[in-house]
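So this one's work39.cif, mmCIF, C-alpha atoms:
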```
data_upload
loop_
_atom_site.label_atom_id
_atom_site.label_comp_id
_atom_site.auth_asym_id
_atom_site.auth_seq_id
_atom_site.Cartn_x
_atom_site.Cartn_y
_atom_site.Cartn_z
CA MET X 1 -112.52 -5.14 60.81
CA LYS X 2 -109.88 -2.42 60.64
CA THR X 3 -107.28 -4.78 62.02
CA ARG X 4 -108.21 -7.43 59.44
CA SER X 5 -108.07 -4.90 56.57
CA LYS X 6 -104.66 -3.70 57.78
CA ARG X 7 -103.41 -7.27 57.80
CA ARG X 8 -104.66 -7.80 54.27
CA ALA X 9 -103.05 -4.57 53.11
CA ARG X 10 -99.77 -5.53 54.80
CA ARG X 11 -99.90 -9.00 53.27
CA ALA X 12 -100.62 -7.59 49.82
CA PHE X 13 -97.74 -5.15 50.23
CA TRP X 14 -95.22 -7.85 51.13
CA ASN X 15 -96.56 -10.15 48.43
CA GLY X 16 -96.02 -7.35 45.92
CA ILE X 17 -92.48 -6.81 47.20
CA ALA X 18 -91.72 -10.53 46.90
CA TYR X 19 -93.30 -10.75 43.43
CA HIS X 20 -91.37 -7.80 42.03
CA GLY X 21 -88.20 -8.89 43.81
CA VAL X 22 -88.31 -12.31 42.18
CA GLY X 23 -89.08 -10.68 38.82
CA LEU X 24 -86.16 -8.26 39.11
CA GLY X 25 -83.82 -11.06 40.18
CA THR X 26 -84.88 -13.24 37.26
CA ALA X 27 -84.52 -10.33 34.82
CA PHE X 28 -81.04 -9.58 36.17
CA PHE X 29 -80.09 -13.25 35.79
CA PHE X 30 -81.02 -13.21 32.09
CA LEU X 31 -79.78 -9.69 31.27
CA ALA X 32 -76.43 -9.89 33.07
CA PRO X 33 -74.63 -11.74 30.21
CA PHE X 34 -75.75 -9.05 27.74
CA PHE X 35 -74.44 -6.24 29.94
CA VAL X 36 -71.16 -8.05 30.57
CA THR X 37 -70.63 -8.65 26.84
CA ILE X 38 -71.51 -5.09 25.82
CA LEU X 39 -69.34 -3.49 28.50
CA ALA X 40 -66.43 -5.85 27.76
CA SER X 41 -66.52 -4.81 24.09
CA PHE X 42 -65.50 -1.27 25.12
CA ARG X 43 -62.34 -2.35 26.93
CA PRO X 44 -58.98 -1.09 25.63
CA SER X 45 -56.74 -3.61 23.90
CA ALA X 46 -54.57 -3.96 27.00
CA GLU X 47 -57.57 -5.12 29.05
CA SER X 48 -59.22 -7.43 26.51
CA GLY X 49 -57.46 -10.54 27.83
CA ARG X 50 -58.19 -9.89 31.51
CA PRO X 51 -60.82 -11.80 33.54
CA PRO X 52 -64.42 -10.80 32.78
CA LEU X 53 -65.02 -9.28 36.21
CA PRO X 54 -65.35 -6.43 36.66
CA PRO X 55 -66.98 -6.19 33.20
CA TRP X 56 -66.55 -2.43 32.75
CA PRO X 57 -63.29 -0.94 31.44
CA VAL X 58 -60.94 -0.01 34.26
CA THR X 59 -58.84 2.57 32.41
CA GLY X 60 -61.68 4.07 30.36
CA PHE X 61 -63.93 3.21 27.44
CA SER X 62 -62.34 2.52 24.08
CA PHE X 63 -63.40 1.46 20.57
CA ASP X 64 -60.20 -0.58 20.01
CA ALA X 65 -62.17 -3.84 19.84
CA TYR X 66 -64.46 -2.52 17.11
CA HIS X 67 -61.51 -1.20 15.08
CA THR X 68 -59.85 -4.61 15.39
CA LEU X 69 -63.09 -6.35 14.39
CA ASP X 70 -63.35 -4.17 11.30
CA GLY X 71 -59.95 -5.48 10.19
CA PHE X 72 -61.21 -9.05 9.74
CA GLY X 73 -62.47 -10.19 6.34
CA SER X 74 -64.02 -7.45 4.24
CA GLY X 75 -64.87 -5.32 7.25
CA ILE X 76 -67.68 -5.51 9.75
CA TRP X 77 -69.98 -3.25 7.71
CA GLN X 78 -69.79 -5.42 4.58
CA HIS X 79 -70.56 -8.61 6.48
CA THR X 80 -73.35 -6.91 8.44
CA ILE X 81 -74.93 -5.74 5.18
CA ASN X 82 -74.66 -9.29 3.80
CA SER X 83 -76.44 -10.67 6.86
CA LEU X 84 -79.14 -8.00 6.67
CA ILE X 85 -79.76 -8.65 2.97
CA VAL X 86 -80.09 -12.40 3.52
CA SER X 87 -82.18 -12.07 6.69
CA LEU X 88 -84.61 -9.42 5.41
CA GLY X 89 -84.96 -11.20 2.05
CA THR X 90 -85.69 -14.44 3.89
CA VAL X 91 -88.37 -12.69 5.95
CA VAL X 92 -90.07 -11.15 2.91
CA LEU X 93 -90.13 -14.36 0.85
CA THR X 94 -91.11 -16.55 3.80
CA VAL X 95 -93.99 -14.29 4.82
CA ALA X 96 -95.27 -13.93 1.24
CA ILE X 97 -95.22 -17.66 0.50
CA SER X 98 -96.48 -18.82 3.90
CA VAL X 99 -99.37 -16.33 3.93
CA LEU X 100 -100.58 -17.55 0.52
CA ALA X 101 -100.03 -21.21 1.42
CA GLY X 102 -101.66 -20.85 4.84
CA TYR X 103 -104.66 -19.10 3.30
CA GLY X 104 -104.99 -21.83 0.69
CA PHE X 105 -104.79 -24.68 3.21
CA SER X 106 -107.23 -22.95 5.53
CA ARG X 107 -109.92 -21.73 3.13
CA TYR X 108 -109.81 -23.88 -0.02
CA ARG X 109 -110.63 -27.50 -0.70
CA PHE X 110 -108.53 -29.48 -3.17
CA PRO X 111 -107.52 -33.14 -3.63
CA LEU X 112 -105.02 -34.57 -1.14
CA LYS X 113 -105.03 -31.34 0.83
CA ASN X 114 -104.38 -32.96 4.22
CA VAL X 115 -101.79 -35.35 2.80
CA LEU X 116 -99.87 -32.47 1.23
CA PHE X 117 -99.98 -30.51 4.47
CA VAL X 118 -98.67 -33.48 6.45
CA LEU X 119 -95.85 -33.93 3.93
CA ILE X 120 -94.87 -30.28 4.35
CA ILE X 121 -94.82 -30.61 8.13
CA ALA X 122 -92.95 -33.93 7.92
CA THR X 123 -89.96 -32.19 6.33
CA LEU X 124 -89.24 -30.75 9.78
CA MET X 125 -88.01 -34.21 10.77
CA ILE X 126 -85.30 -34.23 8.08
CA PRO X 127 -81.93 -33.07 9.50
CA PHE X 128 -80.63 -30.09 7.59
CA GLN X 129 -77.10 -31.51 7.52
CA SER X 130 -78.29 -34.59 5.60
CA ILE X 131 -79.54 -32.54 2.63
CA LEU X 132 -76.76 -29.96 2.56
CA THR X 133 -74.82 -31.72 -0.18
CA PRO X 134 -77.85 -32.09 -2.55
CA LEU X 135 -78.71 -28.43 -1.93
CA PHE X 136 -75.16 -27.42 -2.83
CA ILE X 137 -75.36 -29.41 -6.08
CA ILE X 138 -78.75 -27.89 -6.98
CA LEU X 139 -77.45 -24.35 -6.41
CA ALA X 140 -74.38 -25.13 -8.49
CA LYS X 141 -76.57 -26.37 -11.38
CA LEU X 142 -78.66 -23.18 -11.15
CA GLY X 143 -75.58 -20.97 -10.99
CA LEU X 144 -76.57 -19.67 -7.55
CA ASN X 145 -73.72 -21.06 -5.49
CA ASN X 146 -71.65 -18.44 -3.70
CA SER X 147 -74.51 -15.94 -3.93
CA LEU X 148 -76.59 -14.29 -1.24
CA PHE X 149 -79.77 -14.95 -3.21
CA GLY X 150 -79.04 -18.69 -3.33
CA LEU X 151 -78.40 -18.73 0.42
CA MET X 152 -81.65 -16.81 0.90
CA LEU X 153 -83.59 -19.48 -1.03
CA ILE X 154 -82.12 -22.19 1.17
CA TYR X 155 -83.18 -20.37 4.32
CA VAL X 156 -86.69 -19.83 2.94
CA THR X 157 -86.98 -23.52 2.11
CA LEU X 158 -85.94 -24.52 5.63
CA GLN X 159 -88.29 -22.02 7.25
CA LEU X 160 -91.43 -22.72 5.20
CA PRO X 161 -92.79 -25.86 6.97
CA PHE X 162 -93.07 -24.12 10.34
CA SER X 163 -94.28 -20.88 8.72
CA VAL X 164 -97.03 -22.59 6.70
CA PHE X 165 -98.17 -24.39 9.85
CA MET X 166 -98.34 -21.12 11.79
CA MET X 167 -100.19 -19.23 9.06
CA ARG X 168 -102.77 -21.97 8.50
CA ASN X 169 -103.54 -21.93 12.23
CA ALA X 170 -103.77 -18.14 12.14
CA PHE X 171 -106.28 -18.19 9.27
CA ASP X 172 -108.25 -21.00 10.92
CA ALA X 173 -108.69 -18.78 13.99
CA VAL X 174 -110.42 -16.05 11.92
CA PRO X 175 -114.22 -16.55 11.85
CA LYS X 176 -115.48 -17.42 8.40
CA GLU X 177 -118.38 -15.00 8.89
CA ILE X 178 -115.96 -12.10 8.45
CA GLU X 179 -114.83 -13.49 5.11
CA GLU X 180 -118.39 -14.12 4.00
CA ALA X 181 -119.39 -10.55 4.89
CA ALA X 182 -116.45 -9.20 2.90
CA ARG X 183 -117.40 -11.33 -0.11
CA ILE X 184 -120.95 -9.98 0.04
CA ASP X 185 -119.46 -6.47 -0.07
CA GLY X 186 -117.62 -7.36 -3.27
CA ALA X 187 -114.16 -8.38 -2.02
CA ARG X 188 -112.53 -11.23 -3.92
CA ASP X 189 -109.58 -13.53 -3.23
CA ILE X 190 -106.45 -11.32 -3.27
CA LYS X 191 -108.29 -8.15 -2.25
CA LEU X 192 -110.04 -10.09 0.52
CA LEU X 193 -106.75 -11.54 1.71
CA VAL X 194 -104.81 -8.26 1.73
CA ARG X 195 -107.44 -5.84 3.03
CA VAL X 196 -109.57 -7.98 5.32
CA LEU X 197 -107.79 -11.11 6.52
CA LEU X 198 -104.16 -10.00 6.61
CA PRO X 199 -104.66 -7.39 9.39
CA LEU X 200 -106.42 -10.06 11.46
CA VAL X 201 -103.53 -12.54 11.19
CA MET X 202 -100.75 -10.05 11.95
CA PRO X 203 -99.75 -11.94 15.14
CA GLY X 204 -99.01 -15.00 13.01
CA VAL X 205 -97.13 -12.89 10.46
CA ALA X 206 -95.04 -11.34 13.25
CA THR X 207 -94.22 -14.77 14.67
CA VAL X 208 -93.16 -16.07 11.27
CA SER X 209 -91.10 -12.91 10.65
CA ILE X 210 -89.24 -13.17 13.95
CA PHE X 211 -88.39 -16.84 13.52
CA ALA X 212 -87.32 -16.34 9.91
CA PHE X 213 -85.12 -13.35 10.77
CA LEU X 214 -83.44 -14.96 13.78
CA ASN X 215 -82.78 -18.25 11.98
CA ALA X 216 -81.32 -16.51 8.92
CA TRP X 217 -79.31 -14.04 11.00
CA ASN X 218 -77.69 -16.68 13.23
CA GLU X 219 -77.34 -19.58 10.77
CA PHE X 220 -73.73 -20.64 10.26
CA LEU X 221 -73.31 -24.03 8.57
CA ALA X 222 -75.13 -23.33 5.29
CA ALA X 223 -73.41 -19.94 4.93
CA LEU X 224 -70.02 -21.55 5.50
CA VAL X 225 -70.60 -24.35 2.96
CA LEU X 226 -72.53 -22.49 0.26
CA LEU X 227 -70.50 -19.26 0.23
CA SER X 228 -66.90 -19.32 -0.93
CA SER X 229 -65.85 -15.68 -1.41
CA ASN X 230 -64.82 -13.51 1.52
CA GLY X 231 -66.96 -10.59 0.37
CA ASN X 232 -70.18 -12.65 0.61
CA TYR X 233 -69.68 -14.09 4.08
CA THR X 234 -72.30 -13.33 6.71
CA LEU X 235 -71.58 -12.32 10.30
CA PRO X 236 -71.60 -15.85 11.82
CA VAL X 237 -68.90 -16.94 9.34
CA LEU X 238 -66.90 -13.80 10.12
CA MET X 239 -67.09 -14.61 13.82
CA THR X 240 -65.32 -17.93 13.26
CA ALA X 241 -62.34 -16.03 11.87
CA VAL X 242 -62.42 -13.65 14.82
CA ARG X 243 -62.72 -16.54 17.25
CA ALA X 244 -59.79 -18.38 15.64
CA GLY X 245 -57.62 -15.24 15.80
CA ARG X 246 -54.47 -14.47 13.89
CA LEU X 247 -51.60 -16.91 14.36
CA GLY X 248 -53.52 -18.53 17.22
CA ALA X 249 -53.80 -15.30 19.24
CA ILE X 250 -57.44 -14.58 20.07
CA ASP X 251 -58.50 -10.98 20.61
CA TRP X 252 -61.32 -11.42 23.11
CA GLY X 253 -62.27 -7.77 22.81
CA ALA X 254 -62.99 -8.26 19.10
CA VAL X 255 -65.00 -11.38 19.91
CA GLN X 256 -67.12 -9.45 22.42
CA ALA X 257 -67.56 -6.61 19.89
CA GLY X 258 -68.74 -9.09 17.24
CA VAL X 259 -71.20 -10.68 19.65
CA THR X 260 -72.53 -7.21 20.51
CA VAL X 261 -73.03 -6.36 16.83
CA MET X 262 -74.92 -9.62 16.30
CA ILE X 263 -77.13 -9.09 19.36
CA ILE X 264 -78.45 -5.62 18.48
CA PRO X 265 -80.64 -6.49 15.42
CA CYS X 266 -82.11 -9.53 17.18
CA LEU X 267 -83.12 -7.47 20.22
CA PHE X 268 -84.53 -4.72 18.00
CA VAL X 269 -86.68 -7.11 15.94
CA PHE X 270 -87.96 -8.96 18.99
CA LEU X 271 -88.80 -5.82 20.98
CA LEU X 272 -90.50 -4.31 17.93
CA LEU X 273 -92.77 -7.32 17.35
CA GLN X 274 -92.99 -8.92 20.81
CA ARG X 275 -96.66 -8.00 21.35
CA TYR X 276 -97.75 -9.71 18.13
CA TYR X 277 -95.24 -12.53 18.70
CA MET X 278 -96.79 -13.63 22.00
CA ARG X 279 -100.31 -13.51 20.55
CA GLY X 280 -99.19 -15.49 17.53
CA LEU X 281 -97.58 -18.22 19.60
CA MET X 282 -100.68 -18.60 21.78
CA ALA X 283 -102.92 -18.78 18.71
CA GLY X 284 -100.76 -21.55 17.27
CA ALA X 285 -100.78 -23.42 20.57
CA VAL X 286 -104.57 -23.32 20.81
CA LYS X 287 -105.03 -24.75 17.33
#
```
Turn the structure described in the file into structure tokens.
Amino acid sequence: MKTRSKRRARRAFWNGIAYHGVGLGTAFFFLAPFFVTILASFRPSAESGRPPLPPWPVTGFSFDAYHTLDGFGSGIWQHTINSLIVSLGTVVLTVAISVLAGYGFSRYRFPLKNVLFVLIIATLMIPFQSILTPLFIILAKLGLNNSLFGLMLIYVTLQLPFSVFMMRNAFDAVPKEIEEAARIDGARDIKLLVRVLLPLVMPGVATVSIFAFLNAWNEFLAALVLLSSNGNYTLPVLMTAVRAGRLGAIDWGAVQAGVTVMIIPCLFVFLLLQRYYMRGLMAGAVK
């Protein structure tokens, strides 16, 4: 018996070593590009054009790439603020509209409810590039072309079908008995939604928030077409100027610095909401 228990313990030990070894190897495989990019952004100007390996600066760390990046357009801070305004505004509007729409589709009965929901989901099949010109004309008629608010409305419109789908599934997963108990206690529509149901659907809200932020933060084509002044450009549009270089000369250090700046908010948002994000995705998959 002792020999058998020792064998089991030894087998469990080596299985644990293999499991964690594979996990560490996989994590290194995915994290290596981030480390290479971040370290390469601190190379001096003289090293920026050298091969990527070794990724760390040979002659010492330097902020030359970030100073060079700040010389493009209106400066890195202005374009970062533009991207943050558009991304955070997109998140707020998307969450507010999708929560109300998801609650309505989940809890209320009205004519053509299922048909309207299918039409909303069907818009996901329309390529964004095919409606870019009509969207540009509409914004021009409304006087919102070349404005961050107009770009924000476009991003909200593109994000709503998926967000409404997620939020309806999230509300469907909440037992109706909880809502009925709250109504007996005197809670009504908006109060019931905000105080009772909203905390229960936070995984869905987090999922919608992450997708809305990442899509708005990384979107390039709409920002390039709908914005015309240099001071309103977002970071993806700025990166095209950095990638093109001046007079055909590309400063790869500035490119790596720009990629690093764009990575940081995405990692922060995902790490902050990852627990709710995974629960929200699984809830949507079940429904």
Non-local contacts of segment 154-156 of chain X (7 Å; only C-alpha atoms; under 6 positions in same chain excluded) as a PDB file with C-alpha atoms, keeping the file's coordinate frame:
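The resulting file, part_26.pdb, is reproduced below:
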```
ATOM      1  CA  THR X  90     -85.690 -14.440   3.890  1.00  0.00           C
ATOM      2  CA  LEU X  93     -90.130 -14.360   0.850  1.00  0.00           C
ATOM      3  CA  THR X  94     -91.110 -16.550   3.800  1.00  0.00           C
ATOM      4  CA  ALA X 216     -81.320 -16.510   8.920  1.00  0.00           C
TER       5      ALA X 216
END
```
Phe162 of chain X surroundings by all atoms listed in the file, 12 Å radius, close-in-sequence under 5 positions cut, as a ChimeraX atom specification
/X:94-95,97-99,101-102,117-118,120-125,156-157,167-169,204-205,207-209,211-212,215,281,284
Output of the above residues as a PDB file, keeping the file's coordinate frame, restricted to C-alpha atoms:
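Below is the file that was written, part_23.pdb:
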```pdb
ATOM      1  CA  THR X  94     -91.110 -16.550   3.800  1.00  0.00           C
ATOM      2  CA  VAL X  95     -93.990 -14.290   4.820  1.00  0.00           C
ATOM      3  CA  ILE X  97     -95.220 -17.660   0.500  1.00  0.00           C
ATOM      4  CA  SER X  98     -96.480 -18.820   3.900  1.00  0.00           C
ATOM      5  CA  VAL X  99     -99.370 -16.330   3.930  1.00  0.00           C
ATOM      6  CA  ALA X 101    -100.030 -21.210   1.420  1.00  0.00           C
ATOM      7  CA  GLY X 102    -101.660 -20.850   4.840  1.00  0.00           C
ATOM      8  CA  PHE X 117     -99.980 -30.510   4.470  1.00  0.00           C
ATOM      9  CA  VAL X 118     -98.670 -33.480   6.450  1.00  0.00           C
ATOM     10  CA  ILE X 120     -94.870 -30.280   4.350  1.00  0.00           C
ATOM     11  CA  ILE X 121     -94.820 -30.610   8.130  1.00  0.00           C
ATOM     12  CA  ALA X 122     -92.950 -33.930   7.920  1.00  0.00           C
ATOM     13  CA  THR X 123     -89.960 -32.190   6.330  1.00  0.00           C
ATOM     14  CA  LEU X 124     -89.240 -30.750   9.780  1.00  0.00           C
ATOM     15  CA  MET X 125     -88.010 -34.210  10.770  1.00  0.00           C
ATOM     16  CA  VAL X 156     -86.690 -19.830   2.940  1.00  0.00           C
ATOM     17  CA  THR X 157     -86.980 -23.520   2.110  1.00  0.00           C
ATOM     18  CA  MET X 167    -100.190 -19.230   9.060  1.00  0.00           C
ATOM     19  CA  ARG X 168    -102.770 -21.970   8.500  1.00  0.00           C
ATOM     20  CA  ASN X 169    -103.540 -21.930  12.230  1.00  0.00           C
ATOM     21  CA  GLY X 204     -99.010 -15.000  13.010  1.00  0.00           C
ATOM     22  CA  VAL X 205     -97.130 -12.890  10.460  1.00  0.00           C
ATOM     23  CA  THR X 207     -94.220 -14.770  14.670  1.00  0.00           C
ATOM     24  CA  VAL X 208     -93.160 -16.070  11.270  1.00  0.00           C
ATOM     25  CA  SER X 209     -91.100 -12.910  10.650  1.00  0.00           C
ATOM     26  CA  PHE X 211     -88.390 -16.840  13.520  1.00  0.00           C
ATOM     27  CA  ALA X 212     -87.320 -16.340   9.910  1.00  0.00           C
ATOM     28  CA  ASN X 215     -82.780 -18.250  11.980  1.00  0.00           C
ATOM     29  CA  LEU X 281     -97.580 -18.220  19.600  1.00  0.00           C
ATOM     30  CA  GLY X 284    -100.760 -21.550  17.270  1.00  0.00           C
TER      31      GLY X 284
END
```
Residues at most 8 Å from Tyr233 of chain X, counting all atoms listed in the file, excluding those fewer than 2 positions away in the same chain, as a list of chain:residue names?
X:His79, X:Asn82, X:Ala223, X:Leu224, X:Leu227, X:Ser228, X:Ser229, X:Asn230, X:Gly231, X:Leu235, X:Val237, X:Leu238
Write out as a list in words which residues come within 9 Å of Val196 of chain X when counting only C-alpha atoms, dropping same-chain ones fewer than 6 positions away.
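Contacts, in chain order: Ile178, Glu179, Ala182 and Ala187 of chain X.
Distance-wise, atom CA of Asn218 of chain X and atom CA of Met262 of chain X end up 8.2 Å apart.
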Point-to-point distance in Å for atom CA of Val36 of chain X and atom CA of Val259 of chain X:
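Straight-line distance from atom CA of Val259 of chain X to atom CA of Val36 of chain X works out to 11.2 Å.
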Go through X:Gly89, X:Gly73, X:Pro54, X:Pro111 and flag the residue nearest Leu148 of chain X, using all atoms listed in the file for the distances.
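So, comparing all the options, the nearest one is X:Gly89.
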Decode the PyMOL selection byres ((chain X and resi 139) around 12) for the given file into explicit residues and return them as a PyMOL selection string.
chain X and resi 132-138+140-154+222+225-227
Contacts of segment 266-274 of chain X at 7 Å or less, counting only C-alpha atoms, minus same-chain residues fewer than 6 places along, as a list in words?
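Skipping anything fewer than 6 positions along the chain leaves Ala206, Ile210 and Leu214 of chain X.
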Atom-to-atom span, atom CA of Leu197 of chain X and atom CA of Phe165 of chain X, Å:
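About the pair atom CA of Leu197 of chain X and atom CA of Phe165 of chain X: they are 16.7 Å apart.
Counting all atoms listed in the file, the residue from X:Phe213, X:Ser106, X:Asn114, X:Glu180 that sits nearest to Met166 of chain X is X:Ser106.
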